[in-house]
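Structure file input_28.txt (compact mmCIF, C-alpha atoms) follows.
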```txt
# COMPACT_ATOMS: atom_id res chain seq x y z
CA MET U 1 6.15 -12.15 22.64
CA LYS U 2 8.41 -13.02 19.72
CA ARG U 3 7.33 -13.46 16.15
CA PRO U 4 7.03 -17.13 15.14
CA PRO U 5 9.78 -18.11 12.72
CA GLY U 6 8.95 -18.04 9.04
CA ILE U 7 5.92 -15.76 9.21
CA SER U 8 6.34 -12.38 7.61
CA ILE U 9 4.95 -9.28 9.27
CA SER U 10 2.95 -8.55 6.14
CA ARG U 11 1.21 -11.93 6.29
CA LEU U 12 0.40 -11.44 9.97
CA ALA U 13 -0.97 -7.99 9.15
CA ILE U 14 -3.21 -9.47 6.46
CA TYR U 15 -4.54 -12.14 8.86
CA LEU U 16 -5.19 -9.50 11.49
CA ARG U 17 -7.03 -7.23 9.07
CA PHE U 18 -9.21 -10.09 7.90
CA LEU U 19 -10.01 -11.32 11.43
CA GLU U 20 -11.05 -7.77 12.44
CA GLU U 21 -13.52 -7.69 9.57
CA TYR U 22 -14.74 -11.21 10.26
CA LEU U 23 -15.35 -10.43 13.94
CA LYS U 24 -17.39 -7.38 13.02
CA GLU U 25 -19.55 -9.44 10.69
CA GLN U 26 -19.82 -12.66 12.65
CA GLY U 27 -19.68 -11.55 16.27
CA LEU U 28 -17.39 -12.13 19.22
CA LYS U 29 -17.96 -15.84 19.60
CA SER U 30 -17.24 -16.75 15.99
CA THR U 31 -14.83 -19.47 14.91
CA ILE U 32 -13.13 -20.11 11.60
CA ASN U 33 -11.09 -22.96 10.18
CA SER U 34 -8.02 -22.81 7.98
CA ALA U 35 -9.87 -23.91 4.83
CA GLN U 36 -12.36 -21.04 5.18
CA LEU U 37 -9.56 -18.56 5.86
CA ALA U 38 -7.66 -19.81 2.83
CA ARG U 39 -10.71 -19.29 0.62
CA TYR U 40 -11.28 -15.75 1.90
CA LEU U 41 -7.64 -14.74 1.57
CA ASP U 42 -6.96 -16.52 -1.70
CA MET U 43 -4.03 -18.38 -0.15
CA HIS U 44 -3.02 -22.01 0.04
CA PRO U 45 -4.65 -23.82 3.02
CA HIS U 46 -1.35 -25.51 3.83
CA GLN U 47 0.38 -22.15 4.23
CA ILE U 48 -2.42 -20.86 6.44
CA ARG U 49 -2.38 -23.99 8.63
CA LYS U 50 1.39 -23.80 8.99
CA ASP U 51 1.33 -20.11 9.93
CA LEU U 52 -1.58 -20.43 12.34
CA SER U 53 -0.16 -23.52 14.04
CA TYR U 54 1.88 -21.05 16.12
CA PHE U 55 -1.24 -19.46 17.61
CA GLY U 56 -3.52 -21.04 20.17
CA LYS U 57 -5.01 -24.39 19.29
CA PHE U 58 -7.75 -25.82 17.13
CA GLY U 59 -10.88 -26.37 19.17
CA GLU U 60 -12.62 -29.66 18.76
CA ARG U 61 -12.50 -31.12 15.30
CA GLY U 62 -14.89 -29.20 13.08
CA VAL U 63 -14.85 -26.07 15.25
CA GLY U 64 -11.68 -24.28 14.16
CA TYR U 65 -10.01 -21.21 15.63
CA HIS U 66 -11.68 -18.88 18.06
CA VAL U 67 -11.45 -15.70 16.03
CA GLN U 68 -11.18 -13.27 18.94
CA GLU U 69 -8.38 -15.27 20.57
CA LEU U 70 -6.48 -15.70 17.31
CA LYS U 71 -6.80 -11.99 16.56
CA ASP U 72 -5.57 -11.00 20.03
CA ASN U 73 -2.55 -13.27 19.73
CA ILE U 74 -1.58 -11.90 16.33
CA ALA U 75 -2.10 -8.31 17.50
CA LYS U 76 0.19 -8.97 20.47
CA ILE U 77 2.97 -10.28 18.26
CA LEU U 78 2.62 -7.30 15.95
CA GLY U 79 2.79 -4.85 18.85
CA LEU U 80 -0.81 -3.79 18.29
CA ASN U 81 -2.12 -4.85 21.70
CA ARG U 82 -1.50 -1.28 22.83
CA LYS U 83 -2.38 2.12 21.39
CA TRP U 84 0.10 4.05 19.26
CA ASN U 85 -0.02 7.79 18.74
CA LEU U 86 0.69 9.01 15.23
CA CYS U 87 1.21 12.40 13.69
CA LEU U 88 0.52 13.12 10.06
CA CYS U 89 2.65 15.73 8.27
CA GLY U 90 0.88 17.37 5.35
CA ALA U 91 -2.82 18.25 5.38
CA GLY U 92 -3.28 18.29 1.60
CA ASN U 93 -5.38 15.85 -0.40
CA LEU U 94 -3.42 12.78 0.65
CA GLY U 95 -3.15 13.87 4.29
CA SER U 96 -6.87 14.58 4.46
CA ALA U 97 -7.66 11.23 2.87
CA LEU U 98 -5.43 9.44 5.39
CA CYS U 99 -7.14 11.29 8.27
CA ALA U 100 -10.47 9.98 7.05
CA TYR U 101 -9.18 6.42 6.66
CA LYS U 102 -10.92 4.24 9.26
CA GLY U 103 -8.55 1.28 9.00
CA PHE U 104 -5.91 2.83 11.28
CA LYS U 105 -7.97 3.28 14.43
CA GLU U 106 -9.31 -0.26 14.16
CA ILE U 107 -5.83 -1.59 14.81
CA ASN U 108 -4.99 0.85 17.62
CA LEU U 109 -3.19 3.41 15.45
CA ASN U 110 -4.45 6.89 16.36
CA ILE U 111 -3.60 10.03 14.46
CA VAL U 112 -3.45 12.66 17.21
CA ALA U 113 -1.90 15.61 15.38
CA LEU U 114 -1.60 17.08 11.90
CA PHE U 115 1.25 19.33 10.82
CA ASP U 116 0.88 21.77 7.93
CA SER U 117 2.65 25.02 7.12
CA ASP U 118 -0.49 26.59 5.59
CA VAL U 119 -1.48 29.32 8.05
CA ARG U 120 -5.12 29.00 6.97
CA LYS U 121 -5.14 25.43 8.25
CA ILE U 122 -3.15 25.83 11.50
CA GLY U 123 -5.42 25.71 14.56
CA LYS U 124 -8.28 24.16 12.57
CA TYR U 125 -9.51 20.59 12.81
CA ILE U 126 -9.64 18.03 9.99
CA GLN U 127 -11.67 14.91 10.78
CA GLY U 128 -11.47 15.96 14.41
CA ILE U 129 -7.66 16.19 14.39
CA LYS U 130 -5.97 19.51 15.18
CA VAL U 131 -3.57 21.07 12.68
CA TYR U 132 -0.30 22.41 14.17
CA SER U 133 2.51 24.44 12.64
CA PRO U 134 5.55 22.33 11.68
CA LYS U 135 7.55 24.76 13.83
CA THR U 136 6.04 23.08 16.87
CA ILE U 137 6.92 19.52 15.86
CA VAL U 138 9.47 18.95 18.63
CA SER U 139 7.26 20.23 21.45
CA THR U 140 4.01 18.72 20.11
CA VAL U 141 5.55 15.27 19.62
CA LYS U 142 6.74 15.33 23.23
CA GLU U 143 3.53 16.76 24.66
CA LEU U 144 1.20 14.34 22.86
CA LYS U 145 3.57 11.39 23.31
CA ILE U 146 3.66 10.68 19.57
CA ASP U 147 5.30 7.38 18.62
CA MET U 148 5.34 7.41 14.84
CA ALA U 149 4.86 9.75 11.91
CA ILE U 150 3.39 9.69 8.44
CA ILE U 151 4.92 12.03 5.87
CA ALA U 152 2.49 13.23 3.19
CA VAL U 153 4.09 16.54 2.22
CA PRO U 154 5.38 17.59 -1.23
CA LEU U 155 8.67 15.87 -2.03
CA GLU U 156 10.76 19.05 -1.71
CA ASN U 157 9.77 19.42 1.96
CA ALA U 158 9.94 15.77 2.96
CA GLN U 159 13.57 15.65 4.16
CA THR U 160 13.23 18.81 6.27
CA ILE U 161 10.13 17.40 7.95
CA ALA U 162 11.83 14.04 8.48
CA ASP U 163 14.79 15.75 10.13
CA LYS U 164 12.47 17.63 12.51
CA LEU U 165 10.58 14.46 13.38
CA ILE U 166 13.83 12.65 14.14
CA ALA U 167 15.07 15.58 16.23
CA SER U 168 11.89 15.28 18.27
CA GLY U 169 12.64 11.61 19.03
CA ILE U 170 10.44 9.85 16.46
CA ARG U 171 11.88 6.42 15.55
CA ALA U 172 9.33 5.17 13.01
CA ILE U 173 8.29 6.97 9.82
CA LEU U 174 6.00 6.04 6.95
CA ASN U 175 6.85 8.15 3.90
CA PHE U 176 4.36 8.77 1.10
CA ALA U 177 6.51 11.43 -0.62
CA PRO U 178 8.14 10.04 -3.78
CA VAL U 179 11.69 10.72 -2.61
CA LYS U 180 14.34 8.67 -0.85
CA LEU U 181 14.80 10.06 2.66
CA ASN U 182 18.01 9.88 4.66
CA VAL U 183 17.47 8.74 8.23
CA PRO U 184 19.92 7.60 10.91
CA GLY U 185 20.29 3.90 11.68
CA HIS U 186 18.08 3.91 14.79
CA VAL U 187 15.07 5.16 12.78
CA LYS U 188 12.83 2.74 10.87
CA LEU U 189 11.65 4.21 7.58
CA ARG U 190 9.04 2.58 5.32
CA ASN U 191 8.10 3.97 1.94
CA ALA U 192 4.49 3.61 0.87
CA ASP U 193 4.19 2.54 -2.73
CA LEU U 194 0.68 2.96 -4.07
CA SER U 195 1.46 1.19 -7.33
CA ILE U 196 2.32 -2.34 -6.09
CA GLU U 197 -1.31 -3.46 -6.21
CA LEU U 198 -1.76 -2.04 -9.70
CA VAL U 199 1.28 -3.97 -10.88
CA ASN U 200 -0.49 -7.08 -9.70
CA LEU U 201 -3.51 -6.17 -11.84
CA ALA U 202 -1.37 -5.44 -14.92
CA HIS U 203 0.23 -8.87 -14.55
CA PHE U 204 -3.21 -10.46 -14.29
CA LEU U 205 -4.46 -8.72 -17.45
CA SER U 206 -1.37 -9.61 -19.44
CA SER U 207 -1.36 -13.28 -18.42
CA PRO U 208 -2.95 -15.57 -21.00
CA MET K 1 6.94 -14.33 -21.10
CA LYS K 2 6.10 -16.37 -18.05
CA ARG K 3 6.92 -15.46 -14.50
CA PRO K 4 9.95 -17.31 -13.12
CA PRO K 5 8.94 -19.88 -10.50
CA GLY K 6 9.16 -18.84 -6.88
CA ILE K 7 9.25 -15.08 -7.39
CA SER K 8 6.25 -13.24 -6.11
CA ILE K 9 4.74 -10.41 -8.12
CA SER K 10 5.23 -8.10 -5.15
CA ARG K 11 8.96 -8.76 -5.03
CA LEU K 12 9.26 -8.17 -8.78
CA ALA K 13 7.32 -4.94 -8.38
CA ILE K 14 9.71 -3.80 -5.64
CA TYR K 15 12.76 -4.58 -7.81
CA LEU K 16 11.20 -2.71 -10.71
CA ARG K 17 10.41 0.34 -8.61
CA PHE K 18 13.93 0.45 -7.25
CA LEU K 19 15.57 0.01 -10.67
CA GLU K 20 13.45 2.89 -12.08
CA GLU K 21 14.75 5.16 -9.32
CA TYR K 22 18.30 3.95 -9.72
CA LEU K 23 18.25 4.57 -13.48
CA LYS K 24 17.01 8.12 -12.94
CA GLU K 25 19.85 8.79 -10.52
CA GLN K 26 22.67 6.88 -12.17
CA GLY K 27 21.88 7.10 -15.88
CA LEU K 28 21.11 4.66 -18.66
CA LYS K 29 24.42 2.84 -18.69
CA SER K 30 24.51 2.07 -14.99
CA THR K 31 25.15 -1.39 -13.54
CA ILE K 32 24.44 -2.83 -10.11
CA ASN K 33 25.37 -6.03 -8.34
CA SER K 34 23.27 -8.15 -6.03
CA ALA K 35 25.11 -7.07 -2.87
CA GLN K 36 24.37 -3.40 -3.60
CA LEU K 37 20.74 -4.19 -4.40
CA ALA K 38 20.40 -6.17 -1.18
CA ARG K 39 21.73 -3.24 0.84
CA TYR K 40 19.35 -0.77 -0.81
CA LEU K 41 16.33 -3.01 -0.44
CA ASP K 42 17.15 -4.32 3.02
CA MET K 43 16.91 -7.91 1.78
CA HIS K 44 19.18 -10.92 1.98
CA PRO K 45 21.77 -10.99 -0.89
CA HIS K 46 21.13 -14.69 -1.40
CA GLN K 47 17.41 -14.08 -2.04
CA ILE K 48 18.23 -11.29 -4.49
CA ARG K 49 20.78 -13.41 -6.37
CA LYS K 50 18.38 -16.32 -6.58
CA ASP K 51 15.51 -14.13 -7.86
CA LEU K 52 17.66 -12.25 -10.35
CA SER K 53 19.32 -15.40 -11.68
CA TYR K 54 16.24 -15.70 -13.91
CA PHE K 55 16.95 -12.42 -15.71
CA GLY K 56 19.73 -11.84 -18.20
CA LYS K 57 23.23 -12.61 -17.03
CA PHE K 58 25.87 -11.08 -14.83
CA GLY K 59 28.31 -9.06 -16.91
CA GLU K 60 31.97 -9.69 -16.31
CA ARG K 61 32.87 -10.37 -12.71
CA GLY K 62 32.76 -7.14 -10.76
CA VAL K 63 30.40 -5.44 -13.21
CA GLY K 64 26.99 -6.75 -12.18
CA TYR K 65 23.63 -6.33 -13.88
CA HIS K 66 22.91 -3.83 -16.59
CA VAL K 67 20.15 -1.90 -14.87
CA GLN K 68 18.21 -0.93 -17.99
CA GLU K 69 18.18 -4.50 -19.31
CA LEU K 70 17.20 -5.97 -15.96
CA LYS K 71 14.41 -3.41 -15.58
CA ASP K 72 13.08 -4.11 -19.07
CA ASN K 73 13.01 -7.85 -18.43
CA ILE K 74 11.16 -7.48 -15.15
CA ALA K 75 8.69 -5.01 -16.70
CA LYS K 76 7.97 -7.51 -19.48
CA ILE K 77 7.20 -10.30 -17.04
CA LEU K 78 4.94 -8.00 -15.06
CA GLY K 79 3.05 -6.93 -18.19
CA LEU K 80 4.37 -3.38 -17.87
CA ASN K 81 6.17 -3.30 -21.22
CA ARG K 82 3.02 -1.75 -22.65
CA LYS K 83 0.80 1.14 -21.59
CA TRP K 84 -2.35 0.55 -19.57
CA ASN K 85 -5.26 2.97 -19.41
CA LEU K 86 -6.85 3.46 -16.00
CA CYS K 87 -9.91 5.25 -14.78
CA LEU K 88 -10.23 6.57 -11.26
CA CYS K 89 -13.67 6.65 -9.64
CA GLY K 90 -14.02 9.33 -6.97
CA ALA K 91 -12.45 12.78 -7.26
CA GLY K 92 -12.38 13.51 -3.53
CA ASN K 93 -9.25 13.87 -1.41
CA LEU K 94 -7.99 10.36 -2.06
CA GLY K 95 -8.84 10.47 -5.77
CA SER K 96 -7.11 13.83 -6.19
CA ALA K 97 -4.05 12.58 -4.32
CA LEU K 98 -3.90 9.49 -6.55
CA CYS K 99 -4.17 11.69 -9.67
CA ALA K 100 -1.16 13.65 -8.49
CA TYR K 101 0.84 10.51 -7.70
CA LYS K 102 3.75 10.32 -10.16
CA GLY K 103 4.63 6.70 -9.50
CA PHE K 104 1.90 5.31 -11.79
CA LYS K 105 2.96 6.92 -15.06
CA GLU K 106 6.55 5.85 -14.52
CA ILE K 107 5.52 2.24 -14.86
CA ASN K 108 3.20 2.78 -17.84
CA LEU K 109 -0.03 3.12 -15.86
CA ASN K 110 -1.96 6.14 -17.16
CA ILE K 111 -5.06 7.54 -15.52
CA VAL K 112 -7.09 8.76 -18.51
CA ALA K 113 -10.46 9.49 -16.91
CA LEU K 114 -11.97 10.48 -13.57
CA PHE K 115 -15.55 9.70 -12.58
CA ASP K 116 -17.37 11.74 -9.95
CA SER K 117 -21.05 12.40 -9.37
CA ASP K 118 -20.45 15.96 -8.12
CA VAL K 119 -21.89 18.17 -10.90
CA ARG K 120 -19.47 20.96 -9.96
CA LYS K 121 -16.57 18.69 -10.90
CA ILE K 122 -17.95 17.05 -14.06
CA GLY K 123 -16.33 18.48 -17.20
CA LYS K 124 -13.46 20.00 -15.20
CA TYR K 125 -9.86 18.77 -15.16
CA ILE K 126 -7.90 17.58 -12.11
CA GLN K 127 -4.15 17.22 -12.68
CA GLY K 128 -4.94 17.36 -16.40
CA ILE K 129 -7.44 14.50 -16.22
CA LYS K 130 -11.05 15.10 -17.25
CA VAL K 131 -13.88 14.39 -14.81
CA TYR K 132 -16.86 12.48 -16.28
CA SER K 133 -20.25 11.63 -14.84
CA PRO K 134 -20.50 8.04 -13.53
CA LYS K 135 -23.54 7.73 -15.81
CA THR K 136 -21.13 7.62 -18.75
CA ILE K 137 -18.91 4.86 -17.35
CA VAL K 138 -19.88 2.24 -19.93
CA SER K 139 -19.40 4.50 -22.96
CA THR K 140 -16.29 6.27 -21.64
CA VAL K 141 -14.53 3.02 -20.74
CA LYS K 142 -15.11 1.76 -24.29
CA GLU K 143 -14.23 5.03 -26.00
CA LEU K 144 -10.98 5.59 -24.08
CA LYS K 145 -10.08 1.87 -24.13
CA ILE K 146 -9.75 1.72 -20.35
CA ASP K 147 -8.19 -1.48 -19.02
CA MET K 148 -8.43 -1.14 -15.25
CA ALA K 149 -10.13 0.93 -12.59
CA ILE K 150 -9.34 2.38 -9.20
CA ILE K 151 -12.26 2.84 -6.80
CA ALA K 152 -11.84 5.73 -4.36
CA VAL K 153 -15.49 6.58 -3.64
CA PRO K 154 -17.26 6.52 -0.26
CA LEU K 155 -17.96 2.95 0.86
CA GLU K 156 -21.72 3.20 0.34
CA ASN K 157 -21.24 3.86 -3.40
CA ALA K 158 -18.42 1.41 -4.03
CA GLN K 159 -20.47 -1.64 -5.05
CA THR K 160 -22.67 0.35 -7.47
CA ILE K 161 -19.58 1.79 -9.14
CA ALA K 162 -17.93 -1.64 -9.26
CA ASP K 163 -21.02 -3.10 -10.94
CA LYS K 164 -20.97 -0.36 -13.59
CA LEU K 165 -17.27 -0.87 -14.24
CA ILE K 166 -17.78 -4.60 -14.67
CA ALA K 167 -20.75 -4.01 -16.98
CA SER K 168 -18.46 -1.87 -19.13
CA GLY K 169 -16.01 -4.76 -19.50
CA ILE K 170 -13.38 -3.84 -16.88
CA ARG K 171 -11.61 -6.98 -15.58
CA ALA K 172 -9.18 -5.47 -13.04
CA ILE K 173 -10.13 -3.27 -10.09
CA LEU K 174 -8.14 -1.76 -7.24
CA ASN K 175 -10.47 -0.86 -4.38
CA PHE K 176 -9.57 1.76 -1.76
CA ALA K 177 -13.05 1.83 -0.21
CA PRO K 178 -13.10 0.00 3.13
CA VAL K 179 -15.75 -2.50 2.06
CA LYS K 180 -15.68 -6.01 0.63
CA LEU K 181 -16.90 -5.86 -2.97
CA ASN K 182 -18.61 -8.69 -4.81
CA VAL K 183 -17.21 -9.29 -8.27
CA PRO K 184 -17.68 -12.17 -10.71
CA GLY K 185 -14.93 -14.78 -11.12
CA HIS K 186 -13.44 -13.32 -14.30
CA VAL K 187 -12.69 -9.98 -12.57
CA LYS K 188 -9.52 -9.51 -10.53
CA LEU K 189 -10.10 -7.38 -7.44
CA ARG K 190 -7.34 -6.09 -5.17
CA ASN K 191 -8.01 -4.19 -1.97
CA ALA K 192 -5.57 -1.45 -1.04
CA ASP K 193 -4.71 -1.52 2.63
CA LEU K 194 -2.96 1.63 3.76
CA SER K 195 -2.19 0.25 7.21
CA ILE K 196 0.13 -2.68 6.36
CA GLU K 197 3.24 -0.48 6.41
CA LEU K 198 2.22 1.07 9.73
CA VAL K 199 1.85 -2.39 11.22
CA ASN K 200 5.44 -2.98 10.26
CA LEU K 201 6.47 0.16 12.16
CA ALA K 202 4.45 -0.79 15.25
CA HIS K 203 6.19 -4.16 15.28
CA PHE K 204 9.56 -2.45 15.01
CA LEU K 205 8.81 -0.09 17.92
CA SER K 206 7.54 -2.88 20.14
CA SER K 207 10.47 -5.22 19.49
CA PRO K 208 13.16 -5.08 22.18
```
As structure tokens, how would this structure be written, given the file I've shared?
Amino acid sequence: MKRPPGISISRLAIYLRFLEEYLKEQGLKSTINSAQLARYLDMHPHQIRKDLSYFGKFGERGVGYHVQELKDNIAKILGLNRKWNLCLCGAGNLGSALCAYKGFKEINLNIVALFDSDVRKIGKYIQGIKVYSPKTIVSTVKELKIDMAIIAVPLENAQTIADKLIASGIRAILNFAPVKLNVPGHVKLRNADLSIELVNLAHFLSSP
Amino acid sequence: MKRPPGISISRLAIYLRFLEEYLKEQGLKSTINSAQLARYLDMHPHQIRKDLSYFGKFGERGVGYHVQELKDNIAKILGLNRKWNLCLCGAGNLGSALCAYKGFKEINLNIVALFDSDVRKIGKYIQGIKVYSPKTIVSTVKELKIDMAIIAVPLENAQTIADKLIASGIRAILNFAPVKLNVPGHVKLRNADLSIELVNLAHFLSSP
């Protein structure tokens, strides 16, 4: 299933996240129309209608989208209609916080292994996830069929860890370390930037 | 200074972040052209040129933008040409990780106070930032002239903390707790979603 033209992945991800929440609150048979969605998401109704026109159809007038169906269609386009196995490198504060984050599992992203070089942590479980030595990255990634990796190690170790992940066949990495990583062309690297949302708030406060 | 039409805050924030990094690497007198920027940011050169046409001018042909000047102009539009004082509510794993995050200070966002109800933490310092009792939110926010707040407490406490922050005069909140908060119309609330970048990776892996 190809992505409809003109819709960014980020916008699809935001719709999906909202529909997940809405389903939980309103139940499996709920419907929603574009005006309601626009209000919830603080977007323009025209934009929402245009984007959603690619997915399924409006029910009868006044009914709107079937939320479950809309959600399933968006998930399929995003590649989230199947489970993905993730590993998380770095079991420090950030790593532990990410392990506890419930938003990943809800969209079929499962952290199945932690890697940390601290011998006191290796073999233990954090939030039910086993901690492995980084020395075992290549074998563990293969054994647990890990698809993508999150890097949450100190910046001075990030490149070494990235290299090991790539050597083990990982093609998708989310990097939280504040350093630019070098990866080969076949690997997709995204850098998490925790300050983008705060920039938005600063702009709000400084606007007259 | 008003925001140029058609440029989203997020895109400006991404340019700013990149230019900060570039300045650190290349020095104060560095220049960059739109084609180089496009390559670094994995964007279309036309989009970059159009966005940046609002800021300063190209130097002589073949020279490009003066990075420092461009960065200063973007920071001004974003309201980041002044310092902002932040408080962080919740000194758990996520809160501690956010305290250690260097990306905030670089763009003039300073965490000046932590709030946590754990009596073993109150009065202590984490990453040089003092931990206060949530009971003192109203007075501490006033005393330290705090402009915005980050919520990183467990979801069941998030609304109570938000209410206290708002009572103390805070008008801008970034919420990491996985719960929808109710805030009055004059308060700007952003919800951090740590999974958006992972969705991007899942889409990449599932594309042929």
Based on all atoms listed in the file, which of the residues in chain U come within 9 Å of chain K? I want them as a compact mmCIF listing (two decimals) with C-alpha atoms, keeping the file's coordinate frame.
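Printed below is part-v7.txt as written:
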```txt
# COMPACT_ATOMS: atom_id res chain seq x y z
CA MET U 1 6.15 -12.15 22.64
CA LYS U 2 8.41 -13.02 19.72
CA ILE U 9 4.95 -9.28 9.27
CA SER U 10 2.95 -8.55 6.14
CA ALA U 13 -0.97 -7.99 9.15
CA ILE U 14 -3.21 -9.47 6.46
CA ARG U 17 -7.03 -7.23 9.07
CA ILE U 77 2.97 -10.28 18.26
CA LEU U 78 2.62 -7.30 15.95
CA GLY U 79 2.79 -4.85 18.85
CA LEU U 80 -0.81 -3.79 18.29
CA TRP U 84 0.10 4.05 19.26
CA GLY U 92 -3.28 18.29 1.60
CA ASN U 93 -5.38 15.85 -0.40
CA LEU U 94 -3.42 12.78 0.65
CA GLY U 95 -3.15 13.87 4.29
CA SER U 96 -6.87 14.58 4.46
CA ALA U 97 -7.66 11.23 2.87
CA LEU U 98 -5.43 9.44 5.39
CA TYR U 101 -9.18 6.42 6.66
CA LYS U 102 -10.92 4.24 9.26
CA GLY U 103 -8.55 1.28 9.00
CA PHE U 104 -5.91 2.83 11.28
CA ILE U 107 -5.83 -1.59 14.81
CA LEU U 109 -3.19 3.41 15.45
CA ASP U 147 5.30 7.38 18.62
CA MET U 148 5.34 7.41 14.84
CA ILE U 150 3.39 9.69 8.44
CA ARG U 171 11.88 6.42 15.55
CA ALA U 172 9.33 5.17 13.01
CA ILE U 173 8.29 6.97 9.82
CA LEU U 174 6.00 6.04 6.95
CA PRO U 178 8.14 10.04 -3.78
CA LYS U 188 12.83 2.74 10.87
CA LEU U 189 11.65 4.21 7.58
CA ARG U 190 9.04 2.58 5.32
CA ASN U 191 8.10 3.97 1.94
CA ALA U 192 4.49 3.61 0.87
CA ASP U 193 4.19 2.54 -2.73
CA LEU U 194 0.68 2.96 -4.07
CA SER U 195 1.46 1.19 -7.33
CA ILE U 196 2.32 -2.34 -6.09
CA GLU U 197 -1.31 -3.46 -6.21
CA LEU U 198 -1.76 -2.04 -9.70
CA VAL U 199 1.28 -3.97 -10.88
CA ASN U 200 -0.49 -7.08 -9.70
CA LEU U 201 -3.51 -6.17 -11.84
CA ALA U 202 -1.37 -5.44 -14.92
CA HIS U 203 0.23 -8.87 -14.55
CA PHE U 204 -3.21 -10.46 -14.29
CA LEU U 205 -4.46 -8.72 -17.45
CA SER U 206 -1.37 -9.61 -19.44
CA SER U 207 -1.36 -13.28 -18.42
```
Residue among K:Ser139, K:Gln36, K:Thr31, K:Thr160 lying closest to Lys57 in chain K, counting only C-alpha atoms: K:Thr31
Computed interatomic separation between CA of Met43 in chain K and CA of Ile161 in chain U (Å):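 Atom-to-atom, CA of Met43 in chain K to CA of Ile161 in chain U, that is 26.9 Å.
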Within 9 Å of file point (-7.7, 17.7, 12.0), counting all atoms listed in the file, expressed as JSON, numbers by chain: {"U": [91, 96, 99, 112, 113, 114, 121, 123, 124, 125, 126, 127, 128, 129, 130, 131]}
CA of His186 in chain U to CA of Tyr54 in chain U, distance in Å rounded to a single decimal: 29.8 Å
For Pro134 in chain U: contacts at 10 Å, only C-alpha atoms, fewer than 2 positions along chain excluded, given as a PyMOL selection string: chain U and resi 89-90+114-118+122+131-132+136-138+140+161+164-165
Point-to-point distance in Å for CA of Arg39 in chain K and CA of Ala167 in chain U: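 Calculated distance between CA of Ala167 in chain U and CA of Arg39 in chain K is 25.2 Å.
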Nearest residue to Ser30 in chain U from the set U:Ser53, U:Gln68, U:Asn85, U:Gln47 (distances using only C-alpha atoms): U:Gln68
